[in-house]
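Participant: Sharing data-v1.txt (compact mmCIF, C-alpha atoms) below.
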# COMPACT_ATOMS: atom_id res chain seq x y z
CA MET A 1 107.43 -42.24 -59.17
CA ARG A 2 104.59 -44.05 -57.42
CA VAL A 3 104.94 -46.96 -59.83
CA TRP A 4 108.73 -47.00 -59.38
CA ILE A 5 108.58 -47.22 -55.58
CA GLY A 6 105.86 -49.83 -55.88
CA ALA A 7 108.20 -51.82 -58.13
CA LEU A 8 110.95 -51.62 -55.51
CA ALA A 9 108.53 -52.77 -52.81
CA PHE A 10 107.75 -55.75 -55.05
CA LEU A 11 111.35 -56.58 -55.89
CA LEU A 12 112.64 -56.64 -52.30
CA PRO A 13 110.71 -59.76 -51.19
CA PHE A 14 110.50 -61.28 -54.67
CA LEU A 15 114.27 -61.36 -55.23
CA SER A 16 115.26 -62.04 -51.62
CA LEU A 17 115.52 -65.84 -51.90
CA VAL A 18 115.83 -66.61 -55.60
CA THR A 19 118.84 -64.34 -56.17
CA SER A 20 122.04 -63.61 -54.25
CA PHE A 21 121.86 -59.86 -54.94
CA GLY A 22 118.19 -58.90 -54.57
CA VAL A 23 118.18 -57.44 -51.06
CA ASN A 24 121.38 -55.44 -51.60
CA LEU A 25 120.07 -54.14 -54.93
CA ALA A 26 116.78 -53.04 -53.39
CA SER A 27 118.63 -51.31 -50.55
CA PHE A 28 120.79 -49.38 -53.00
CA LEU A 29 117.86 -48.38 -55.22
CA PHE A 30 115.77 -47.18 -52.27
CA LEU A 31 118.64 -45.00 -51.05
CA VAL A 32 119.42 -43.53 -54.49
CA SER A 33 115.73 -42.83 -55.11
CA ALA A 34 115.43 -41.05 -51.76
CA LEU A 35 118.45 -38.88 -52.57
CA ILE A 36 117.00 -37.97 -55.98
CA PHE A 37 113.68 -37.03 -54.39
CA PHE A 38 115.25 -35.65 -51.25
CA LYS A 39 112.84 -32.77 -50.56
CA PRO A 40 109.56 -34.74 -50.66
CA CYS A 41 111.21 -37.51 -48.62
CA ARG A 42 112.47 -35.03 -46.05
CA ASP A 43 109.04 -33.41 -45.83
CA ALA A 44 107.40 -36.82 -45.38
CA LEU A 45 109.73 -37.70 -42.49
CA VAL A 46 109.20 -34.31 -40.84
CA ARG A 47 105.42 -34.67 -41.13
CA HIS A 48 105.41 -38.09 -39.48
CA TRP A 49 108.36 -37.61 -37.14
CA PRO A 50 106.28 -37.87 -33.92
CA GLN A 51 105.08 -41.33 -34.99
CA VAL A 52 108.38 -42.73 -36.27
CA ARG A 53 111.01 -40.99 -34.17
CA TRP A 54 111.60 -43.74 -31.62
CA VAL A 55 112.18 -46.35 -34.30
CA VAL A 56 114.55 -44.13 -36.28
CA LEU A 57 116.40 -43.12 -33.11
CA ALA A 58 116.81 -46.77 -32.11
CA PHE A 59 118.55 -47.57 -35.39
CA LEU A 60 120.60 -44.36 -35.12
CA LEU A 61 121.78 -45.21 -31.59
CA HIS A 62 122.68 -48.71 -32.71
CA PHE A 63 124.85 -47.34 -35.50
CA LEU A 64 126.51 -44.76 -33.22
CA PHE A 65 127.24 -47.38 -30.54
CA VAL A 66 128.86 -49.77 -33.03
CA LEU A 67 130.87 -46.91 -34.50
CA ALA A 68 132.04 -45.74 -31.06
CA CYS A 69 133.04 -49.27 -30.08
CA ALA A 70 135.01 -49.65 -33.31
CA LEU A 71 136.88 -46.41 -32.71
CA VAL A 72 137.65 -47.14 -29.05
CA ARG A 73 138.68 -50.76 -29.65
CA GLY A 74 140.63 -50.06 -32.81
CA GLU A 75 138.44 -52.34 -34.91
CA ARG A 76 138.06 -52.11 -38.65
CA LEU A 77 135.52 -49.44 -39.52
CA SER A 78 133.88 -51.94 -41.87
CA VAL A 79 132.05 -53.35 -38.83
CA GLN A 80 129.73 -50.34 -38.90
CA GLU A 81 128.64 -50.89 -42.52
CA LYS A 82 125.77 -53.13 -41.48
CA PRO A 83 124.21 -50.83 -38.83
CA LEU A 84 124.75 -47.83 -41.14
CA ARG A 85 122.92 -49.47 -44.02
CA MET A 86 120.14 -50.55 -41.67
CA LEU A 87 119.77 -46.92 -40.56
CA LEU A 88 119.74 -45.70 -44.16
CA SER A 89 116.87 -48.10 -44.85
CA VAL A 90 114.65 -45.35 -43.43
CA SER A 91 114.75 -44.11 -47.04
CA ALA A 92 112.17 -46.81 -47.82
CA LEU A 93 109.76 -45.35 -45.26
CA ALA A 94 110.24 -41.81 -46.54
CA LEU A 95 109.66 -42.83 -50.16
CA VAL A 96 106.54 -44.89 -49.44
CA VAL A 97 104.96 -42.01 -47.50
CA ALA A 98 106.12 -39.29 -49.92
CA VAL A 99 104.67 -40.92 -53.05
CA ARG A 100 101.92 -42.97 -51.35
CA ALA A 101 103.14 -46.17 -53.01
CA PRO A 102 100.58 -48.97 -53.47
CA ARG A 103 100.92 -51.54 -50.69
CA ARG A 104 99.58 -54.29 -52.98
CA ALA A 105 103.00 -54.31 -54.64
CA LEU A 106 104.55 -55.55 -51.41
CA TRP A 107 101.94 -58.30 -51.01
CA TRP A 108 102.48 -59.39 -54.61
CA GLY A 109 106.25 -59.45 -54.10
CA ALA A 110 106.07 -61.49 -50.91
CA SER A 111 103.59 -63.93 -52.45
CA ALA A 112 105.50 -64.32 -55.72
CA GLY A 113 108.80 -64.61 -53.83
CA ALA A 114 107.46 -67.44 -51.69
CA VAL A 115 105.92 -69.22 -54.69
CA ALA A 116 109.22 -68.93 -56.61
CA ALA A 117 111.27 -70.13 -53.62
CA LEU A 118 109.33 -73.38 -53.25
CA PRO A 119 110.29 -75.13 -56.54
CA PHE A 120 113.81 -73.72 -56.22
CA ILE A 121 114.39 -75.32 -52.81
CA ALA A 122 112.37 -78.43 -53.71
CA TRP A 123 114.67 -79.02 -56.68
CA GLN A 124 117.70 -78.85 -54.40
CA ARG A 125 116.10 -81.15 -51.83
CA ILE A 126 114.54 -83.72 -54.15
CA GLY A 127 116.40 -83.35 -57.45
CA LEU A 128 119.92 -82.78 -56.11
CA HIS A 129 119.39 -84.81 -52.91
CA ILE A 130 120.73 -82.05 -50.67
CA GLU A 131 119.56 -82.89 -47.16
CA ARG A 132 119.64 -79.27 -45.92
CA PRO A 133 119.16 -77.06 -49.01
CA GLY A 134 119.52 -73.30 -48.73
CA GLY A 135 119.53 -71.85 -52.24
CA PHE A 136 122.22 -69.16 -52.52
CA ILE A 137 122.52 -68.82 -48.72
CA ASN A 138 122.65 -71.21 -45.78
CA SER A 139 119.65 -73.41 -45.09
CA ILE A 140 118.77 -71.72 -41.79
CA THR A 141 118.53 -68.20 -43.21
CA PHE A 142 116.66 -69.46 -46.29
CA GLY A 143 114.16 -71.37 -44.16
CA ASP A 144 113.64 -68.42 -41.82
CA LEU A 145 113.07 -65.89 -44.60
CA ALA A 146 110.84 -68.31 -46.52
CA MET A 147 108.61 -68.63 -43.48
CA LEU A 148 108.58 -64.86 -43.10
CA LEU A 149 107.53 -64.42 -46.74
CA GLY A 150 104.72 -66.86 -46.07
CA LEU A 151 103.55 -64.82 -43.08
CA LEU A 152 103.71 -61.60 -45.11
CA ALA A 153 101.66 -63.27 -47.84
CA LEU A 154 99.13 -64.30 -45.19
CA ALA A 155 98.77 -60.67 -44.13
CA GLY A 156 98.38 -59.77 -47.80
CA ALA A 157 95.59 -62.32 -48.20
CA ILE A 158 93.77 -60.75 -45.26
CA ASP A 159 94.23 -57.28 -46.74
CA MET A 160 93.17 -58.27 -50.26
CA ARG A 161 90.24 -60.49 -49.32
CA ASP A 162 87.93 -58.41 -51.52
CA ARG A 163 90.15 -59.05 -54.57
CA PRO A 164 89.74 -62.79 -55.28
CA ARG A 165 92.65 -63.15 -57.72
CA ASP A 166 95.09 -61.23 -55.55
CA ALA A 167 93.93 -63.09 -52.47
CA LEU A 168 94.44 -66.40 -54.29
CA LEU A 169 98.06 -65.51 -55.13
CA ALA A 170 98.66 -64.38 -51.55
CA GLY A 171 97.14 -67.58 -50.20
CA ALA A 172 99.37 -69.66 -52.46
CA GLY A 173 102.35 -67.62 -51.27
CA ALA A 174 101.50 -68.20 -47.61
CA LEU A 175 101.35 -71.97 -48.08
CA ALA A 176 104.43 -72.01 -50.35
CA GLY A 177 106.49 -70.08 -47.80
CA LEU A 178 105.65 -72.56 -45.06
CA ALA A 179 106.37 -75.52 -47.35
CA ALA A 180 109.71 -74.06 -48.49
CA SER A 181 110.75 -73.52 -44.88
CA VAL A 182 109.87 -77.11 -44.02
CA LEU A 183 111.95 -78.43 -46.95
CA THR A 184 115.08 -76.71 -45.60
CA GLY A 185 114.83 -78.73 -42.39
CA THR A 186 115.12 -75.55 -40.32
CA ARG A 187 113.73 -75.86 -36.81
CA GLY A 188 114.39 -72.36 -35.48
CA GLY A 189 111.70 -70.80 -37.65
CA TRP A 190 109.01 -72.75 -35.82
CA ALA A 191 109.60 -70.64 -32.71
CA SER A 192 108.76 -67.57 -34.79
CA LEU A 193 105.65 -69.30 -36.05
CA VAL A 194 104.49 -69.78 -32.46
CA LEU A 195 105.02 -66.08 -31.68
CA ALA A 196 103.17 -65.08 -34.86
CA ALA A 197 100.33 -67.44 -33.96
CA LEU A 198 99.97 -65.78 -30.55
CA VAL A 199 99.49 -62.36 -32.17
CA LEU A 200 97.21 -63.74 -34.87
CA GLY A 201 95.16 -65.67 -32.33
CA ARG A 202 94.52 -62.50 -30.36
CA HIS A 203 93.03 -60.79 -33.42
CA VAL A 204 91.64 -63.76 -35.35
CA GLY A 205 88.08 -62.73 -34.48
CA ARG A 206 88.57 -59.55 -36.52
CA ILE A 207 89.47 -61.48 -39.68
CA ASP A 208 86.30 -61.80 -41.71
CA GLY A 209 85.68 -63.80 -44.85
CA ARG A 210 85.58 -67.50 -45.52
CA ARG A 211 88.66 -67.39 -47.74
CA ALA A 212 90.86 -65.95 -45.01
CA ARG A 213 89.68 -68.49 -42.47
CA ALA A 214 90.07 -71.29 -45.00
CA LEU A 215 93.65 -70.13 -45.63
CA LEU A 216 94.43 -70.28 -41.91
CA ALA A 217 93.01 -73.80 -41.78
CA ALA A 218 95.06 -74.79 -44.83
CA GLY A 219 98.21 -73.44 -43.17
CA VAL A 220 97.56 -75.57 -40.10
CA ALA A 221 96.97 -78.56 -42.39
CA VAL A 222 100.31 -77.99 -44.16
CA LEU A 223 102.17 -77.88 -40.86
CA ALA A 224 100.34 -80.97 -39.59
CA ALA A 225 101.12 -82.84 -42.81
CA ALA A 226 104.78 -81.87 -42.53
CA TRP A 227 104.87 -83.09 -38.94
CA PHE A 228 103.32 -86.47 -39.73
CA THR A 229 105.15 -87.15 -43.03
CA PRO A 230 108.22 -89.27 -42.19
CA ALA A 231 109.97 -88.48 -45.49
CA LEU A 232 110.23 -84.80 -44.54
CA GLY A 233 111.89 -85.65 -41.23
CA VAL A 234 110.30 -82.79 -39.27
CA GLN A 235 109.20 -84.89 -36.31
CA ALA A 236 112.48 -86.81 -36.37
CA ARG A 237 114.52 -83.59 -36.25
CA PHE A 238 112.63 -82.34 -33.22
CA ALA A 239 113.12 -85.66 -31.47
CA GLU A 240 116.78 -85.53 -32.45
CA GLY A 241 117.06 -82.06 -30.93
CA VAL A 242 115.67 -83.24 -27.59
CA HIS A 243 118.05 -86.21 -27.63
CA ASP A 244 121.06 -84.02 -28.48
CA ALA A 245 120.27 -81.64 -25.63
CA ARG A 246 119.99 -84.53 -23.17
CA VAL A 247 123.29 -86.02 -24.34
CA TRP A 248 125.09 -82.65 -23.97
CA TYR A 249 123.62 -82.10 -20.50
CA GLU A 250 124.83 -85.53 -19.39
CA GLY A 251 128.36 -84.77 -20.55
CA GLY A 252 128.22 -86.62 -23.84
CA THR A 253 129.22 -85.51 -27.33
CA VAL A 254 129.13 -81.87 -28.33
CA TRP A 255 129.20 -82.67 -32.05
CA THR A 256 125.48 -82.33 -32.74
CA ASN A 257 123.40 -79.43 -34.01
CA VAL A 258 121.95 -78.74 -30.56
CA GLY A 259 125.09 -79.70 -28.66
CA THR A 260 127.20 -77.17 -30.55
CA ARG A 261 124.73 -74.41 -29.73
CA LEU A 262 124.61 -75.32 -26.06
CA GLU A 263 128.41 -75.34 -25.89
CA LEU A 264 128.56 -71.97 -27.63
CA TRP A 265 125.98 -70.52 -25.23
CA LYS A 266 128.04 -71.81 -22.32
CA GLY A 267 131.06 -70.00 -23.76
CA ALA A 268 128.96 -66.88 -24.33
CA THR A 269 127.94 -66.70 -20.67
CA MET A 270 131.61 -66.94 -19.70
CA LEU A 271 132.45 -64.04 -22.03
CA ILE A 272 129.58 -61.93 -20.71
CA ARG A 273 130.68 -62.40 -17.09
CA GLU A 274 134.12 -61.01 -17.95
CA HIS A 275 132.88 -57.78 -19.59
CA PRO A 276 129.22 -57.29 -18.60
CA VAL A 277 128.90 -53.55 -19.28
CA LEU A 278 130.43 -52.90 -22.72
CA GLY A 279 131.46 -56.35 -23.88
CA MET A 280 134.45 -56.84 -26.18
CA SER A 281 135.12 -56.98 -29.89
CA PHE A 282 134.15 -60.16 -31.67
CA ASP A 283 137.81 -60.88 -32.49
CA ALA A 284 138.58 -60.62 -28.78
CA CYS A 285 135.67 -62.97 -28.08
CA ARG A 286 137.16 -65.51 -30.46
CA LEU A 287 140.54 -65.29 -28.74
CA ARG A 288 138.97 -65.82 -25.32
CA LEU A 289 136.98 -68.80 -26.58
CA ALA A 290 140.24 -70.29 -27.85
CA GLU A 291 141.79 -69.77 -24.42
CA TYR A 292 138.81 -71.43 -22.75
CA ALA A 293 139.19 -74.38 -25.11
CA GLN A 294 142.92 -74.69 -24.42
CA ALA A 295 142.20 -74.67 -20.68
CA GLY A 296 139.67 -77.47 -21.14
CA ARG A 297 136.70 -75.33 -20.13
CA LEU A 298 135.09 -75.59 -23.58
CA ASP A 299 135.15 -78.05 -26.43
CA PRO A 300 137.47 -76.80 -29.24
CA MET A 301 134.53 -77.27 -31.59
CA VAL A 302 133.28 -73.78 -30.68
CA LEU A 303 136.14 -72.29 -32.70
CA GLU A 304 134.82 -73.78 -35.92
CA LEU A 305 131.56 -71.82 -35.90
CA PRO A 306 131.32 -68.20 -37.09
CA HIS A 307 129.13 -66.79 -34.30
CA LEU A 308 127.37 -67.61 -31.02
CA HIS A 309 124.10 -68.87 -32.57
CA ASN A 310 121.93 -66.57 -30.46
CA ASP A 311 121.32 -62.92 -31.26
CA GLY A 312 120.84 -61.84 -27.67
CA LEU A 313 123.97 -63.57 -26.38
CA GLN A 314 125.94 -62.20 -29.34
CA ALA A 315 124.80 -58.66 -28.51
CA LEU A 316 125.68 -59.12 -24.82
CA ALA A 317 129.11 -60.59 -25.53
CA THR A 318 130.13 -57.91 -28.04
CA GLY A 319 128.30 -54.91 -26.54
CA GLY A 320 127.62 -55.74 -22.93
CA VAL A 321 124.38 -54.69 -21.24
CA ILE A 322 124.51 -51.27 -22.91
CA GLY A 323 124.94 -52.72 -26.38
CA PHE A 324 122.26 -55.32 -25.74
CA VAL A 325 119.70 -52.70 -24.69
CA ILE A 326 120.46 -50.57 -27.76
CA TRP A 327 120.25 -53.59 -30.08
CA ALA A 328 117.03 -54.76 -28.43
CA ALA A 329 115.55 -51.30 -29.02
CA THR A 330 115.74 -51.94 -32.79
CA LEU A 331 113.29 -54.78 -32.16
CA TYR A 332 111.18 -53.30 -29.38
CA ALA A 333 110.55 -49.88 -30.95
CA PRO A 334 109.15 -51.26 -34.26
CA LEU A 335 107.14 -53.92 -32.44
CA ARG A 336 105.59 -51.26 -30.20
CA PHE A 337 104.80 -49.16 -33.29
CA PHE A 338 102.94 -52.02 -34.98
CA LEU A 339 101.18 -53.37 -31.89
CA ARG A 340 99.92 -49.90 -30.97
CA ARG A 341 98.35 -49.59 -34.40
CA LEU A 342 96.70 -52.96 -34.02
CA GLY A 343 95.30 -51.85 -30.68
CA GLN A 344 94.24 -48.41 -31.89
CA ASP A 345 91.82 -49.75 -34.50
CA THR A 346 88.24 -49.07 -33.54
CA GLU A 347 85.48 -51.54 -34.33
CA GLN A 348 84.48 -49.75 -37.52
CA ASN A 349 87.96 -49.80 -39.06
CA ALA A 350 89.14 -53.14 -37.69
CA ARG A 351 88.80 -54.46 -41.22
CA GLY A 352 90.68 -51.51 -42.69
CA PRO A 353 94.04 -51.63 -44.44
CA GLN A 354 96.04 -50.57 -41.37
CA PHE A 355 95.15 -53.84 -39.62
CA ALA A 356 96.81 -56.14 -42.15
CA VAL A 357 99.89 -53.92 -42.54
CA ALA A 358 100.41 -53.62 -38.78
CA LEU A 359 99.90 -57.37 -38.44
CA ALA A 360 102.58 -57.95 -41.09
CA GLY A 361 104.94 -55.62 -39.24
CA ALA A 362 104.42 -57.56 -36.01
CA PHE A 363 105.11 -60.78 -37.92
CA VAL A 364 108.44 -59.41 -39.18
CA VAL A 365 109.70 -58.29 -35.77
CA LEU A 366 108.49 -61.36 -33.89
CA GLY A 367 109.86 -63.51 -36.69
CA TYR A 368 113.34 -62.13 -36.13
CA VAL A 369 112.96 -62.50 -32.36
CA GLY A 370 112.19 -66.18 -32.83
CA PHE A 371 114.91 -66.72 -35.42
CA GLY A 372 117.46 -65.14 -33.08
CA LEU A 373 116.84 -67.68 -30.33
CA THR A 374 118.93 -70.33 -32.09
CA GLU A 375 120.71 -68.31 -34.78
CA VAL A 376 122.39 -64.93 -35.27
CA ILE A 377 120.00 -63.86 -38.02
CA PHE A 378 121.57 -60.39 -38.01
CA TRP A 379 124.99 -61.87 -38.79
CA SER A 380 124.57 -61.63 -42.55
CA MET A 381 124.06 -58.41 -44.48
CA LYS A 382 121.08 -59.97 -46.26
CA GLY A 383 119.30 -60.87 -43.03
CA SER A 384 119.98 -57.47 -41.47
CA LEU A 385 118.92 -55.40 -44.50
CA PHE A 386 115.81 -57.48 -45.11
CA TYR A 387 114.68 -56.75 -41.55
CA ALA A 388 115.36 -53.02 -41.66
CA LEU A 389 113.89 -52.47 -45.12
CA MET A 390 110.79 -54.49 -44.37
CA VAL A 391 110.20 -52.74 -41.04
CA PHE A 392 110.49 -49.29 -42.60
CA LEU A 393 108.41 -50.25 -45.65
CA LEU A 394 105.59 -51.57 -43.48
CA MET A 395 105.76 -48.51 -41.24
CA GLY A 396 105.31 -46.34 -44.33
CA PHE A 397 102.36 -48.35 -45.59
CA CYS A 398 100.87 -48.28 -42.10
CA LEU A 399 101.08 -44.48 -41.97
CA ASN A 400 99.51 -44.23 -45.42
CA ALA A 401 96.67 -46.52 -44.37
CA LYS A 402 96.08 -44.50 -41.19
CA GLU A 403 95.74 -41.30 -43.20
CA LYS A 404 93.13 -42.94 -45.40
CA ILE A 405 91.21 -44.12 -42.36
CA GLY A 406 91.40 -40.68 -40.78
Can I see the file as structure tokens?

Facilitator:
Amino acid sequence: MRVWIGALAFLLPFLSLVTSFGVNLASFLFLVSALIFFKPCRDALVRHWPQVRWVVLAFLLHFLFVLACALVRGERLSVQEKPLRMLLSVSALALVVAVRAPRRALWWGASAGAVAALPFIAWQRIGLHIERPGGFINSITFGDLAMLLGLLALAGAIDMRDRPRDALLAGAGALAGLAASVLTGTRGGWASLVLAALVLGRHVGRIDGRRARALLAAGVAVLAAAWFTPALGVQARFAEGVHDARVWYEGGTVWTNVGTRLELWKGATMLIREHPVLGMSFDACRLRLAEYAQAGRLDPMVLELPHLHNDGLQALATGGVIGFVIWAATLYAPLRFFLRRLGQDTEQNARGPQFAVALAGAFVVLGYVGFGLTEVIFWSMKGSLFYALMVFLLMGFCLNAKEKIG
């Protein structure tokens, strides 16, 4: 059973970008495995309930709120599938703690997934001449998750610094994830990289070993090379973004990547003002946006995009202040869990396994916070499940590591 759960922990990140079904498959297998081994999973959750309760309750409240809104508004009940499956991802935590699965499997999966994603996306970019490649998904989600795999691999390299071969694979995965993200042309992921760097910078003095420090330097070199290589267009895209924002502000064209977002955010603020407490259904939001466009208050372009391109604004528009607070709790509660464990380490166990796992957990949550600034990363089932499964997996590994330290 320990090997089986370790295999699932490997498959989740490994299959996330190179297949269209990997995340859904892992979610299903985690749930079925937890049902088969229900008693040990239940006992594991009961034993660690004081440590995990706020995170589990946050996901539970989110599901109940979406369900209540669907019932009151007469929406299709299918809208609650995503929050329900995110809640059921707690099965991954229960299994990891119950069988004490090896955390190296997760590091291997993240590293191998990033390494496999790089030639896949490079072939689309260079071989097929696709300007914004995205594999089996859109380029933004692919670039965001590739960067996240790279950050997870970095945490794995820190954790496995005493295992040269494993650390080498993890180091390659960290650099490959960053390179794959750059090749997609995605800019939103860089905000997450800044947030991750702030956390890493606070604890960088606790990272020992020349290999780990060399890996950090190599990561900076990769990003610098991407910035100063004209063929990759990274610097040009940032300059283009600044120009697009200036043009929109001065009343020019909306038909740019940044201009469309700014117009959508303008529409979102108008929606939020109308229903600030509980928001309205997304279908109702679309109808109101159409009315704004017909009245000349918005460009009709906003009707051609599937969402509001900002997670926070989307939560406010569809759930009001109450829905926003509940949604934000699914980010805040896990982040608090991981940051507390980073802060709880004493000097003698600062190099222990809990440090790297908690650091990886902080990377995941802050990654999604950054992604959500310019994208609704929780719009897709893949993006939502990857977040929930990874959070609960890392919580489980963190609890296991704490028990070993204790």

Participant: If you count all atoms listed in the file, which residues fall within 10 Å of Ala360 in chain A, apart from same-chain ones fewer than 4 positions away, as a PyMOL selection string?

Facilitator: chain A and resi 107+148-149+151-156+196+338+354-356+364-366+390-391+394-395+398

Participant: At what distance in Å, to one decimal, does CA of Leu87 in chain A lie from CA of Leu8 in chain A?

Facilitator: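 Pair CA of Leu8 in chain A / CA of Leu87 in chain A returns 18.0 Å.
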
Participant: To one decimal place in Å, what is the distance between CA of Pro276 in chain A and CA of Gly372 in chain A?

Facilitator: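 Atom-to-atom, CA of Pro276 in chain A to CA of Gly372 in chain A, that is 20.2 Å.
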
Participant: For each of A:Trp327, A:Trp265, A:Phe337, A:Phe28, take the minimum atom-to-atom distance to Val302 in chain A, counting only C-alpha atoms, then give the residue where this is smallest.

Facilitator: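 Using only C-alpha atoms, Val302 in chain A sits closest to A:Trp265.
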
Participant: Rounded to one decimal in Å, what is the spacing between CA of Leu118 in chain A and CA of Pro334 in chain A?

Facilitator: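 If I compute the distance from CA of Leu118 in chain A to CA of Pro334 in chain A, I get 29.2 Å.
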
Participant: Which is closest to Asp159 in chain A among A:Ala358, A:Leu93, A:Val182, A:Ala329, if we use all atoms listed in the file?

Facilitator: A:Ala358

Participant: Check the smallest atom-to-atom distance from each of A:Leu88, A:Val220, A:Ala157, A:Ile121 to Phe136 in chain A using only C-alpha atoms, then report the winner.

Facilitator: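 Using only C-alpha atoms, Phe136 in chain A sits closest to A:Ile121.
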
Participant: Compare A:Val376, A:Leu15, A:Leu200, A:Leu264 by their minimum atom-to-atom distance to Gly188 in chain A, counting all atoms listed in the file, and give me the closest one.

Facilitator: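 Selected residue with least distance to Gly188 in chain A: A:Val376.
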
Participant: Just the residues within 8 Å of Pro102 in chain A, please, counting only C-alpha atoms, with nothing from its chain fewer than 3 positions along; format it as a list in words.

Facilitator: Arg2, Val3, Gly6, Ala105 and Leu106 of chain A

Participant: Using all atoms listed in the file, I'd like a table of the residues in range 368-404 of chain A that come within 12 Å of range 11-14 of chain A; for each, show the closest atom pair and its distance in Å rounded to one decimal, ordered by chain and ascending number, as CSV.

Facilitator:
residue,atom,partner,partner_atom,distance
A:Lys382,CA,A:Leu12,CA,10.9
A:Gly383,CA,A:Pro13,CA,11.9
A:Leu385,CA,A:Leu12,CA,10.1
A:Phe386,CA,A:Leu12,CA,7.9
A:Tyr387,CA,A:Pro13,CA,10.9
A:Ala388,CA,A:Leu12,CA,11.6
A:Leu389,CA,A:Leu12,CA,8.4
A:Met390,CA,A:Leu12,CA,8.4
A:Leu393,CA,A:Leu12,CA,10.1

Participant: Find the residues around Met381 in chain A up to 9 Å (only C-alpha atoms counted), leave out those fewer than 3 positions away in its own chain, and share them as a short mmCIF file (atom, residue, chain, number, x, y, z; two decimals) with C-alpha atoms, in the coordinates of the input.

Facilitator:
data_model
loop_
_atom_site.label_atom_id
_atom_site.label_comp_id
_atom_site.auth_asym_id
_atom_site.auth_seq_id
_atom_site.Cartn_x
_atom_site.Cartn_y
_atom_site.Cartn_z
CA VAL A 23 118.18 -57.44 -51.06
CA ASN A 24 121.38 -55.44 -51.60
CA LYS A 82 125.77 -53.13 -41.48
CA PHE A 378 121.57 -60.39 -38.01
CA SER A 384 119.98 -57.47 -41.47
CA LEU A 385 118.92 -55.40 -44.50
CA PHE A 386 115.81 -57.48 -45.11
#

Participant: Between A:Val321, A:Leu339, A:Leu57, A:Val18, which one has atoms that come closest to Ala180 in chain A, using all atoms listed in the file?

Facilitator: A:Val18

Participant: For Trp108 in chain A, which residue out of A:Ala167, A:Leu17, A:Ala333, A:Val194 is the nearest one, using all atoms listed in the file?

Facilitator: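 Looking only at the distances to Trp108 in chain A, the closest residue turns out to be A:Ala167.
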
Participant: Please, can range 302-314 of chain A be completed to N, CA and C atoms and returned as a JSON list (two decimals), in the coordinates of the input?

Facilitator:
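Dumped to out.json:
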[["chain", "number", "residue", "atom", "x", "y", "z"],
["A", 302, "VAL", "N", 133.89, -75.11, -30.62],
["A", 302, "VAL", "CA", 133.28, -73.78, -30.68],
["A", 302, "VAL", "C", 134.06, -72.85, -31.59],
["A", 303, "LEU", "N", 135.33, -73.15, -31.85],
["A", 303, "LEU", "CA", 136.14, -72.29, -32.70],
["A", 303, "LEU", "C", 135.85, -72.48, -34.18],
["A", 304, "GLU", "N", 135.10, -73.50, -34.52],
["A", 304, "GLU", "CA", 134.82, -73.78, -35.92],
["A", 304, "GLU", "C", 133.54, -73.12, -36.41],
["A", 305, "LEU", "N", 132.82, -72.46, -35.52],
["A", 305, "LEU", "CA", 131.56, -71.82, -35.90],
["A", 305, "LEU", "C", 131.74, -70.31, -35.94],
["A", 306, "PRO", "N", 131.04, -69.63, -36.86],
["A", 306, "PRO", "CA", 131.32, -68.20, -37.09],
["A", 306, "PRO", "C", 130.75, -67.25, -36.05],
["A", 307, "HIS", "N", 129.75, -67.68, -35.27],
["A", 307, "HIS", "CA", 129.13, -66.79, -34.30],
["A", 307, "HIS", "C", 128.56, -67.61, -33.15],
["A", 308, "LEU", "N", 127.83, -66.97, -32.25],
["A", 308, "LEU", "CA", 127.37, -67.61, -31.02],
["A", 308, "LEU", "C", 125.99, -68.25, -31.13],
["A", 309, "HIS", "N", 125.39, -68.20, -32.30],
["A", 309, "HIS", "CA", 124.10, -68.87, -32.57],
["A", 309, "HIS", "C", 122.98, -68.41, -31.64],
["A", 310, "ASN", "N", 123.03, -67.18, -31.20],
["A", 310, "ASN", "CA", 121.93, -66.57, -30.46],
["A", 310, "ASN", "C", 122.13, -65.06, -30.52],
["A", 311, "ASP", "N", 121.16, -64.36, -31.07],
["A", 311, "ASP", "CA", 121.32, -62.92, -31.26],
["A", 311, "ASP", "C", 121.51, -62.18, -29.94],
["A", 312, "GLY", "N", 120.74, -62.54, -28.95],
["A", 312, "GLY", "CA", 120.84, -61.84, -27.67],
["A", 312, "GLY", "C", 122.19, -62.04, -27.00],
["A", 313, "LEU", "N", 122.67, -63.29, -26.98],
["A", 313, "LEU", "CA", 123.97, -63.57, -26.38],
["A", 313, "LEU", "C", 125.09, -62.90, -27.18],
["A", 314, "GLN", "N", 124.94, -62.88, -28.50],
["A", 314, "GLN", "CA", 125.94, -62.20, -29.34],
["A", 314, "GLN", "C", 126.01, -60.71, -29.01]]
